[in-house]
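Student: Below is query-v4.pdb; it holds PDB, C-alpha atoms.
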ATOM      1  CA  MET A   1     107.626  80.130 114.721
ATOM      2  CA  SER A   2     107.571  83.116 112.355
ATOM      3  CA  MET A   3     105.503  81.798 109.441
ATOM      4  CA  GLY A   4     104.867  83.823 106.292
ATOM      5  CA  CYS A   5     101.214  82.770 106.298
ATOM      6  CA  ALA A   6     100.785  84.552 109.659
ATOM      7  CA  SER A   7     102.566  87.730 108.557
ATOM      8  CA  LYS A   8     100.802  90.971 107.671
ATOM      9  CA  PHE A   9     101.736  93.958 105.518
ATOM     10  CA  GLY A  10     100.114  97.333 106.059
ATOM     11  CA  VAL A  11     100.508 100.927 104.868
ATOM     12  CA  GLY A  12      99.256 104.334 105.963
ATOM     13  CA  ALA A  13      99.800 108.049 105.568
ATOM     14  CA  SER A  14     101.433 107.917 109.019
ATOM     15  CA  ALA A  15     101.675 105.379 111.839
ATOM     16  CA  PRO A  16      99.708 103.328 112.603
ATOM     17  CA  ALA A  17      98.937 101.628 109.279
ATOM     18  CA  THR A  18      95.354 101.950 108.086
ATOM     19  CA  LEU A  19      95.289  99.625 105.050
ATOM     20  CA  LEU A  20      96.051  95.900 105.144
ATOM     21  CA  LEU A  21      97.339  94.552 101.828
ATOM     22  CA  ASP A  22      96.820  91.154 100.246
ATOM     23  CA  LEU A  23     100.505  90.829  99.416
ATOM     24  CA  MET A  24     101.296  88.586  96.449
ATOM     25  CA  SER A  25     105.084  88.825  96.541
ATOM     26  CA  GLY A  26     108.011  91.011  97.519
ATOM     27  CA  ASP A  27     108.847  92.874 100.672
ATOM     28  CA  VAL A  28     110.385  96.036 102.031
ATOM     29  CA  GLY A  29     113.273  95.841 104.457
ATOM     30  CA  LEU A  30     116.283  97.660 105.845
ATOM     31  CA  GLN A  31     119.682  97.448 104.190
ATOM     32  CA  GLU A  32     122.557  98.597 106.373
ATOM     33  CA  THR A  33     126.224  98.933 105.436
ATOM     34  CA  LEU A  34     129.352  98.480 107.513
ATOM     35  CA  ILE A  35     132.541 100.523 107.169
ATOM     36  CA  ASN A  36     135.848  98.754 107.773
ATOM     37  CA  GLY A  37     139.273 100.250 107.139
ATOM     38  CA  THR A  38     141.331  98.736 104.325
ATOM     39  CA  GLY A  39     144.728 100.253 105.148
ATOM     40  CA  VAL A  40     148.137  98.557 105.263
ATOM     41  CA  ARG A  41     148.445  96.773 108.614
ATOM     42  CA  GLY A  42     151.035  94.008 108.189
ATOM     43  CA  THR A  43     148.349  91.396 107.552
ATOM     44  CA  ARG A  44     145.479  90.676 105.222
ATOM     45  CA  THR A  45     143.123  90.247 108.190
ATOM     46  CA  ARG A  46     140.601  93.026 108.621
ATOM     47  CA  HIS A  47     140.340  93.753 112.352
ATOM     48  CA  LYS A  48     136.901  93.919 113.937
ATOM     49  CA  SER A  49     137.806  97.006 115.979
ATOM     50  CA  ARG A  50     138.050  99.087 112.794
ATOM     51  CA  THR A  51     134.363  98.578 111.919
ATOM     52  CA  ARG A  52     131.655 101.226 112.158
ATOM     53  CA  LYS A  53     128.047 101.207 111.064
ATOM     54  CA  GLY A  54     127.510 102.980 107.740
ATOM     55  CA  THR A  55     124.334 104.135 106.060
ATOM     56  CA  ARG A  56     120.994 102.372 106.289
ATOM     57  CA  ARG A  57     118.052 102.491 103.903
ATOM     58  CA  PRO A  58     114.645 100.795 103.698
ATOM     59  CA  THR A  59     114.132  99.522 100.166
ATOM     60  CA  GLY A  60     112.227  96.846  98.296
ATOM     61  CA  SER A  61     109.310  96.038  96.045
ATOM     62  CA  ILE A  62     105.853  94.584  96.481
ATOM     63  CA  THR A  63     103.279  93.158  94.083
ATOM     64  CA  ILE A  64      99.538  93.251  94.721
ATOM     65  CA  GLU A  65      96.375  92.644  92.716
ATOM     66  CA  PRO A  66      94.719  95.978  93.493
ATOM     67  CA  ASN A  67      91.056  96.594  94.117
ATOM     68  CA  VAL A  68      89.433 100.008  94.087
ATOM     69  CA  ASP A  69      90.136 100.683  97.785
ATOM     70  CA  GLU A  70      93.829  99.963  97.352
ATOM     71  CA  LEU A  71      94.009 102.219  94.287
ATOM     72  CA  LEU A  72      92.365 104.995  96.314
ATOM     73  CA  PHE A  73      95.336 104.810  98.664
ATOM     74  CA  TRP A  74      98.153 104.250  96.171
ATOM     75  CA  LEU A  75      97.386 106.559  93.238
ATOM     76  CA  PRO A  76      98.244 109.862  95.018
ATOM     77  CA  TYR A  77     101.583 108.434  96.165
ATOM     78  CA  ILE A  78     102.398 107.068  92.693
ATOM     79  CA  LEU A  79     101.357 110.140  90.703
ATOM     80  CA  GLY A  80     102.102 112.962  93.139
ATOM     81  CA  GLY A  81      99.178 115.217  92.236
ATOM     82  CA  THR A  82      96.195 116.245  94.360
ATOM     83  CA  PRO A  83      93.030 114.270  93.504
ATOM     84  CA  SER A  84      89.992 116.260  92.374
ATOM     85  CA  GLY A  85      86.808 114.226  92.400
ATOM     86  CA  THR A  86      87.567 111.092  90.395
ATOM     87  CA  THR A  87      90.635 112.613  88.689
ATOM     88  CA  TYR A  88      94.138 111.716  89.847
ATOM     89  CA  PRO A  89      96.722 113.941  88.125
ATOM     90  CA  LEU A  90     100.490 113.940  88.043
ATOM     91  CA  GLY A  91     102.393 116.250  90.385
ATOM     92  CA  GLU A  92     105.896 117.624  90.676
ATOM     93  CA  THR A  93     106.465 116.338  94.227
ATOM     94  CA  LEU A  94     105.767 113.039  95.973
ATOM     95  CA  SER A  95     104.186 112.520  99.384
ATOM     96  CA  SER A  96     105.597 110.056 101.899
ATOM     97  CA  PHE A  97     103.861 107.185 103.703
ATOM     98  CA  ILE A  98     104.715 104.433 106.174
ATOM     99  CA  VAL A  99     105.017 100.681 105.710
ATOM    100  CA  THR A 100     104.457  98.220 108.574
ATOM    101  CA  LYS A 101     105.025  94.495 108.418
ATOM    102  CA  ASP A 102     104.112  92.016 111.124
ATOM    103  CA  MET A 103     106.728  89.240 111.250
ATOM    104  CA  VAL A 104     104.887  87.513 114.121
ATOM    105  CA  THR A 105     107.710  87.839 116.672
ATOM    106  CA  LYS A 106     108.406  91.513 115.874
ATOM    107  CA  VAL A 107     106.710  94.353 113.960
ATOM    108  CA  PHE A 108     108.826  96.493 111.616
ATOM    109  CA  THR A 109     107.815 100.002 110.524
ATOM    110  CA  TYR A 110     109.479 102.028 107.772
ATOM    111  CA  THR A 111     109.074 105.795 107.681
ATOM    112  CA  GLY A 112     109.442 108.424 104.970
ATOM    113  CA  CYS A 113     108.597 105.963 102.187
ATOM    114  CA  LYS A 114     108.062 107.091  98.592
ATOM    115  CA  ILE A 115     107.264 105.353  95.322
ATOM    116  CA  ALA A 116     110.357 105.052  93.152
ATOM    117  CA  SER A 117     108.405 103.385  90.345
ATOM    118  CA  ALA A 118     105.092 101.677  89.707
ATOM    119  CA  SER A 119     104.089  99.112  87.114
ATOM    120  CA  PHE A 120     100.514  98.173  86.208
ATOM    121  CA  LYS A 121     100.425  94.924  84.245
ATOM    122  CA  SER A 122      97.812  92.478  83.001
ATOM    123  CA  SER A 123      97.580  89.676  80.453
ATOM    124  CA  GLN A 124      94.845  87.443  79.128
ATOM    125  CA  GLY A 125      93.216  85.233  81.744
ATOM    126  CA  GLY A 126      94.892  86.987  84.662
ATOM    127  CA  PRO A 127      94.484  89.843  87.156
ATOM    128  CA  LEU A 128      95.647  93.436  86.905
ATOM    129  CA  GLN A 129      98.813  93.515  88.994
ATOM    130  CA  LEU A 130     100.566  96.486  90.544
ATOM    131  CA  THR A 131     104.269  96.293  91.385
ATOM    132  CA  LEU A 132     105.675  99.106  93.526
ATOM    133  CA  ASN A 133     109.344  99.850  94.098
ATOM    134  CA  ILE A 134     109.568 101.603  97.461
ATOM    135  CA  GLU A 135     112.354 103.600  99.093
ATOM    136  CA  GLY A 136     112.249 104.839 102.689
ATOM    137  CA  VAL A 137     114.191 106.723 105.353
ATOM    138  CA  ASP A 138     114.454 104.566 108.489
ATOM    139  CA  GLU A 139     113.194 101.559 110.440
ATOM    140  CA  THR A 140     111.740 101.085 113.905
ATOM    141  CA  VAL A 141     111.099  97.699 115.510
ATOM    142  CA  GLY A 142     108.127  97.019 117.774
ATOM    143  CA  ASN A 143     107.064  94.050 119.857
ATOM    144  CA  ALA A 144     104.764  91.248 118.787
ATOM    145  CA  GLY A 145     101.114  92.224 118.904
ATOM    146  CA  THR A 146     101.671  95.912 118.076
ATOM    147  CA  PHE A 147     100.462  95.625 114.486
ATOM    148  CA  PRO A 148      97.234  97.674 114.220
ATOM    149  CA  ASP A 149      93.852  95.936 114.260
ATOM    150  CA  ILE A 150      92.851  96.381 110.592
ATOM    151  CA  GLU A 151      91.026  93.977 108.304
ATOM    152  CA  LEU A 152      91.427  93.145 104.628
ATOM    153  CA  GLY A 153      88.974  94.991 102.350
ATOM    154  CA  GLU A 154      86.347  92.906 100.583
ATOM    155  CA  ALA A 155      86.318  94.655  97.165
ATOM    156  CA  ALA A 156      87.353  92.341  94.324
ATOM    157  CA  PRO A 157      90.427  93.136  92.194
ATOM    158  CA  PHE A 158      90.446  94.042  88.502
ATOM    159  CA  VAL A 159      91.255  91.481  85.775
ATOM    160  CA  HIS A 160      92.539  91.783  82.198
ATOM    161  CA  HIS A 161      89.177  91.062  80.586
ATOM    162  CA  ASP A 162      87.747  94.060  82.477
ATOM    163  CA  GLY A 163      89.910  96.119  80.129
ATOM    164  CA  ALA A 164      88.885  98.243  77.149
ATOM    165  CA  PHE A 165      91.810  99.714  75.214
ATOM    166  CA  ALA A 166      92.047 102.456  72.587
ATOM    167  CA  VAL A 167      95.047 103.287  70.402
ATOM    168  CA  ASN A 168      94.879 106.373  68.183
ATOM    169  CA  SER A 169      91.072 106.385  68.670
ATOM    170  CA  LEU A 170      90.848 102.788  67.405
ATOM    171  CA  THR A 171      88.560 100.936  69.820
ATOM    172  CA  GLY A 172      86.988  97.512  70.175
ATOM    173  CA  ARG A 173      90.255  95.685  69.460
ATOM    174  CA  THR A 174      91.719  92.619  71.148
ATOM    175  CA  PHE A 175      94.868  92.927  73.256
ATOM    176  CA  PHE A 176      96.792  90.049  74.777
ATOM    177  CA  ASP A 177      98.534  92.130  77.428
ATOM    178  CA  PHE A 178      98.997  95.620  78.838
ATOM    179  CA  GLU A 179     101.734  97.282  80.853
ATOM    180  CA  LEU A 180     102.074 100.834  82.156
ATOM    181  CA  ASN A 181     105.294 101.889  83.896
ATOM    182  CA  ILE A 182     105.716 105.100  85.898
ATOM    183  CA  ASP A 183     109.309 105.829  86.915
ATOM    184  CA  ASN A 184     109.664 108.738  89.352
ATOM    185  CA  MET A 185     113.475 108.576  89.197
ATOM    186  CA  LEU A 186     114.081 109.092  92.903
ATOM    187  CA  ASP A 187     117.473 110.247  94.132
ATOM    188  CA  GLY A 188     118.093 107.707  96.869
ATOM    189  CA  GLU A 189     121.662 108.769  97.640
ATOM    190  CA  ARG A 190     121.124 112.013  99.606
ATOM    191  CA  PHE A 191     122.644 111.224 103.012
ATOM    192  CA  GLY A 192     124.998 114.111 103.709
ATOM    193  CA  ASN A 193     126.295 113.865 107.270
ATOM    194  CA  SER A 194     123.526 111.464 108.283
ATOM    195  CA  ALA A 195     123.338 107.680 108.496
ATOM    196  CA  THR A 196     119.832 107.849 107.008
ATOM    197  CA  ARG A 197     118.550 109.579 103.917
ATOM    198  CA  THR A 198     117.844 113.264 104.435
ATOM    199  CA  ALA A 199     115.539 113.453 101.411
ATOM    200  CA  LEU A 200     114.064 111.328  98.610
ATOM    201  CA  ASN A 201     113.648 113.742  95.728
ATOM    202  CA  PRO A 202     112.191 112.854  92.324
ATOM    203  CA  THR A 203     114.616 114.014  89.631
ATOM    204  CA  ASP A 204     112.590 113.313  86.478
ATOM    205  CA  ARG A 205     109.683 111.162  85.294
ATOM    206  CA  ASN A 206     109.398 108.601  82.529
ATOM    207  CA  ILE A 207     106.111 106.903  81.626
ATOM    208  CA  THR A 208     105.986 104.036  79.150
ATOM    209  CA  VAL A 209     103.113 101.887  77.933
ATOM    210  CA  SER A 210     103.151  98.518  76.157
ATOM    211  CA  LEU A 211     100.320  96.716  74.378
ATOM    212  CA  THR A 212     100.307  93.536  72.323
ATOM    213  CA  PRO A 213      97.442  93.103  69.823
ATOM    214  CA  PRO A 214      97.213  90.467  67.094
ATOM    215  CA  TYR A 215      98.781  91.771  63.881
ATOM    216  CA  GLY A 216      95.887  90.626  61.702
ATOM    217  CA  GLY A 217      93.251  93.377  61.620
ATOM    218  CA  ASN A 218      95.528  95.804  63.485
ATOM    219  CA  HIS A 219      98.024  96.796  60.789
ATOM    220  CA  ASP A 220      96.611 100.338  61.092
ATOM    221  CA  MET A 221      98.387 100.590  64.454
ATOM    222  CA  TYR A 222     101.796 100.151  62.841
ATOM    223  CA  ALA A 223     104.024 103.163  62.186
ATOM    224  CA  LEU A 224     102.202 105.548  64.494
ATOM    225  CA  LEU A 225     103.101 109.223  64.185
ATOM    226  CA  GLU A 226     106.139 110.467  66.087
ATOM    227  CA  THR A 227     104.098 113.477  67.211
ATOM    228  CA  GLY A 228     102.236 111.080  69.495
ATOM    229  CA  VAL A 229      98.850 109.388  69.487
ATOM    230  CA  PRO A 230      96.329 108.992  72.320
ATOM    231  CA  ILE A 231      96.291 105.666  74.153
ATOM    232  CA  SER A 232      93.902 104.725  76.934
ATOM    233  CA  ALA A 233      93.139 101.671  79.054
ATOM    234  CA  THR A 234      89.970 101.387  81.144
ATOM    235  CA  PHE A 235      89.263  98.547  83.577
ATOM    236  CA  THR A 236      85.631  98.269  84.723
ATOM    237  CA  ASN A 237      84.493  95.928  87.490
ATOM    238  CA  GLY A 238      80.767  96.361  88.036
ATOM    239  CA  THR A 239      80.177  99.961  89.104
ATOM    240  CA  VAL A 240      83.841 100.816  89.750
ATOM    241  CA  SER A 241      86.542 101.540  87.200
ATOM    242  CA  VAL A 242      90.032 102.870  86.690
ATOM    243  CA  ALA A 243      91.111 104.580  83.458
ATOM    244  CA  PHE A 244      94.630 105.472  82.325
ATOM    245  CA  SER A 245      94.660 108.176  79.622
ATOM    246  CA  MET A 246      97.740 109.370  77.741
ATOM    247  CA  PRO A 247      97.221 112.079  75.077
ATOM    248  CA  PHE A 248     100.554 111.733  73.271
ATOM    249  CA  VAL A 249     102.340 108.393  73.159
ATOM    250  CA  GLN A 250     105.303 108.259  70.791
ATOM    251  CA  VAL A 251     105.625 104.697  69.485
ATOM    252  CA  PRO A 252     108.704 103.737  67.458
ATOM    253  CA  ARG A 253     108.202 101.059  64.812
ATOM    254  CA  VAL A 254     108.893  97.444  65.726
ATOM    255  CA  THR A 255     108.206  95.217  62.713
ATOM    256  CA  PRO A 256     106.047  92.183  63.583
ATOM    257  CA  LEU A 257     107.821  88.858  63.196
ATOM    258  CA  ILE A 258     106.558  85.485  62.031
ATOM    259  CA  ALA A 259     105.750  83.636  65.245
ATOM    260  CA  GLY A 260     106.137  80.098  63.933
ATOM    261  CA  LYS A 261     102.684  78.623  63.396
ATOM    262  CA  ALA A 262     101.114  80.753  66.117
ATOM    263  CA  GLU A 263      99.246  83.997  65.520
ATOM    264  CA  ASN A 264     101.489  86.906  64.577
ATOM    265  CA  ARG A 265     101.453  89.749  67.066
ATOM    266  CA  LEU A 266     102.173  93.459  66.919
ATOM    267  CA  MET A 267     104.409  94.910  69.639
ATOM    268  CA  LEU A 268     103.465  98.450  70.634
ATOM    269  CA  LYS A 269     105.716 100.177  73.157
ATOM    270  CA  GLY A 270     105.956 103.923  73.485
ATOM    271  CA  GLU A 271     106.736 106.794  75.815
ATOM    272  CA  ALA A 272     103.975 109.082  77.065
ATOM    273  CA  ARG A 273     104.599 112.789  76.529
ATOM    274  CA  GLY A 274     102.865 116.009  77.534
ATOM    275  CA  ASP A 275     102.715 119.543  76.202
ATOM    276  CA  ASP A 276     101.952 123.009  77.569
ATOM    277  CA  ALA A 277      98.276 122.150  78.023
ATOM    278  CA  ASN A 278      98.326 118.415  78.802
ATOM    279  CA  SER A 279     100.266 116.203  81.185
ATOM    280  CA  GLU A 280     101.459 112.856  79.916
ATOM    281  CA  LEU A 281      99.073 110.792  82.056
ATOM    282  CA  VAL A 282      95.785 111.310  83.846
ATOM    283  CA  VAL A 283      94.153 108.560  85.900
ATOM    284  CA  THR A 284      90.421 108.485  86.592
ATOM    285  CA  LEU A 285      89.179 106.308  89.447
ATOM    286  CA  ASP A 286      85.445 105.852  89.908
ATOM    287  CA  SER A 287      85.110 104.207  93.303
ATOM    288  CA  THR A 288      81.346 104.588  93.727
ATOM    289  CA  PRO A 289      79.885 101.156  94.638
TER     290      PRO A 289
END
Have the structure of the file written as structure tokens, please.
Tutor:
Amino acid sequence: MSMGCASKFGVGASAPATLLLDLMSGDVGLQETLINGTGVRGTRTRHKSRTRKGTRRPTGSITIEPNVDELLFWLPYILGGTPSGTTYPLGETLSSFIVTKDMVTKVFTYTGCKIASASFKSSQGGPLQLTLNIEGVDETVGNAGTFPDIELGEAAPFVHHDGAFAVNSLTGRTFFDFELNIDNMLDGERFGNSATRTALNPTDRNITVSLTPPYGGNHDMYALLETGVPISATFTNGTVSVAFSMPFVQVPRVTPLIAGKAENRLMLKGEARGDDANSELVVTLDSTP
């Protein structure tokens, strides 16, 4: 039997996979199309002889609760820049990687994969989660037992109460949840005269951040300047940490509403911007044990 509990999901810069993931949900798989003629033929039946294979594309999403080792792997592929020390900057291009999943009876590998978008999300009482939307080029299928011999890392994941958040230099405040979205806006439709994608090019980038503090005591966060204010989120687990810093986040006003008898909350959601001297997001990962 092919049981999900016996399956494995791994990634690497190239085959074979070098990092085994503790997969919470989602998957990546091949989607193939078929082409069948729709001409006038004296009947409404579509004949099987008129069918050809069309394009095929690996696509899908995964959700993990990342630890520091997993962030070491993923951040360069999400952001595109070249890491320097503990700094992980944005870049204009994206590197590719491979995905391998062991389905017990067969092992599937997807090549030329890139991150279409990434979402970091946490809320009170829960873990920091990372959801990745992945697009790839092609699939190969191997026999059972060909998944590489790699073990799950032992570092613990980050949680919401590891977080320290700052909005417009206002620190020490309470936040119920946090979400950072990075959309690389991949062009996934470049096939040309090929059944598989010939390229996966990023066409733009949009970074948004959302935070929900209580309204009481945080009215000074309302009506932030359209020129942009700095927002940062730092998660610290013992000696390791990850920090997301955005120098200019433009936050349009959303008036807080009366939430019945519960505590009123302020909804902050803005778009991160850069200028000639600053990119819109810099991530710092301190992975020293």
Student: Could you tell me which of A:Ala243, A:Ala233, A:Ala17, A:Ala155 comes closest to Leu170 in chain A if we count only C-alpha atoms?
Tutor: A:Ala233
Student: For Gly163 in chain A, find every residue with an atom within 7 Å (counting all atoms listed in the file), except residues of its own chain fewer than 6 positions away, and show them as a PyMOL selection string.
Tutor: chain A and resi 233-236
Student: Excluding Thr100 in chain A and residues on its chain fewer than 4 positions from it, collect all residues at most 6 Å away from it, counting all atoms listed in the file, and give them as a short mmCIF file (atom, residue, chain, number, x, y, z; two decimals) with C-alpha atoms, in the coordinates of the input.
Tutor:
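See around_19.cif below for the written result:
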data_model
loop_
_atom_site.label_atom_id
_atom_site.label_comp_id
_atom_site.auth_asym_id
_atom_site.auth_seq_id
_atom_site.Cartn_x
_atom_site.Cartn_y
_atom_site.Cartn_z
CA PHE A 9 101.74 93.96 105.52
CA GLY A 10 100.11 97.33 106.06
CA PHE A 108 108.83 96.49 111.62
CA THR A 109 107.82 100.00 110.52
#
Student: I need the residue set behind the PyMOL selection byres ((chain A and resi 112) around 8) for this file; please write it as a list of chain:residue names.
Tutor: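 Matching residues under the PyMOL selection byres ((chain A and resi 112) around 8) are A:Ser96, A:Phe97, A:Ile98, A:Tyr110, A:Thr111, A:Cys113, A:Lys114, A:Gly136, A:Val137, A:Asp138.
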Student: If you apply the PyMOL selection byres ((chain A and resi 116) around 6) to this file, what residues do you get, as number ranges by chain?
Tutor: A: 115, 117, 133-134, 184, 186
Student: Using all atoms listed in the file, find the one residue out of A:Val209, A:Ala259, A:Cys5, A:Val107 that sits nearest to Asn143 in chain A.
Tutor: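 The answer is A:Val107, which sits nearest to Asn143 in chain A.
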Student: For the file shown, what are the residues hit by the PyMOL selection byres ((chain A and resi 65-73) around 8), laid out as a PDB file with C-alpha atoms, in the coordinates of the input?
Tutor:
ATOM      1  CA  LEU A  19      95.289  99.625 105.050  1.00  0.00           C
ATOM      2  CA  LEU A  21      97.339  94.552 101.828  1.00  0.00           C
ATOM      3  CA  ASP A  22      96.820  91.154 100.246  1.00  0.00           C
ATOM      4  CA  MET A  24     101.296  88.586  96.449  1.00  0.00           C
ATOM      5  CA  THR A  63     103.279  93.158  94.083  1.00  0.00           C
ATOM      6  CA  ILE A  64      99.538  93.251  94.721  1.00  0.00           C
ATOM      7  CA  TRP A  74      98.153 104.250  96.171  1.00  0.00           C
ATOM      8  CA  LEU A  75      97.386 106.559  93.238  1.00  0.00           C
ATOM      9  CA  PRO A  76      98.244 109.862  95.018  1.00  0.00           C
ATOM     10  CA  TYR A  77     101.583 108.434  96.165  1.00  0.00           C
ATOM     11  CA  PRO A 127      94.484  89.843  87.156  1.00  0.00           C
ATOM     12  CA  LEU A 128      95.647  93.436  86.905  1.00  0.00           C
ATOM     13  CA  GLN A 129      98.813  93.515  88.994  1.00  0.00           C
ATOM     14  CA  LEU A 130     100.566  96.486  90.544  1.00  0.00           C
ATOM     15  CA  GLY A 153      88.974  94.991 102.350  1.00  0.00           C
ATOM     16  CA  ALA A 155      86.318  94.655  97.165  1.00  0.00           C
ATOM     17  CA  ALA A 156      87.353  92.341  94.324  1.00  0.00           C
ATOM     18  CA  PRO A 157      90.427  93.136  92.194  1.00  0.00           C
ATOM     19  CA  PHE A 158      90.446  94.042  88.502  1.00  0.00           C
ATOM     20  CA  VAL A 240      83.841 100.816  89.750  1.00  0.00           C
ATOM     21  CA  SER A 241      86.542 101.540  87.200  1.00  0.00           C
ATOM     22  CA  VAL A 242      90.032 102.870  86.690  1.00  0.00           C
ATOM     23  CA  LEU A 285      89.179 106.308  89.447  1.00  0.00           C
ATOM     24  CA  SER A 287      85.110 104.207  93.303  1.00  0.00           C
TER      25      SER A 287
END
Student: As an exercise, work out the distance from CA of Gly142 in chain A to CA of Thr196 in chain A in Å and give it to one decimal place.
Tutor: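 Those two atoms sit 19.2 Å apart.
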Student: Which residues are close to Met3 in chain A, i.e. within 10 Å by all atoms listed in the file, leaving aside same-chain residues fewer than 3 positions away? Reply as a CSV table (one decimal) with C-alpha atoms, in the frame of the given file.
Tutor:
chain,number,residue,atom,x,y,z
A,6,ALA,CA,100.8,84.6,109.7
A,7,SER,CA,102.6,87.7,108.6
A,103,MET,CA,106.7,89.2,111.2
A,104,VAL,CA,104.9,87.5,114.1
A,105,THR,CA,107.7,87.8,116.7
Student: Excluding Phe165 in chain A and residues on its chain fewer than 5 positions from it, collect all residues at most 12 Å away from it, counting only C-alpha atoms, and give them as a PyMOL selection string.
Tutor: chain A and resi 160+170-179+209-213+230-236+243-246
Student: Could you please determine the separation between CA of Lys106 in chain A and CA of Pro148 in chain A in Å, to one decimal place?
Tutor: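 Between CA of Lys106 in chain A and CA of Pro148 in chain A the gap works out to 12.9 Å.
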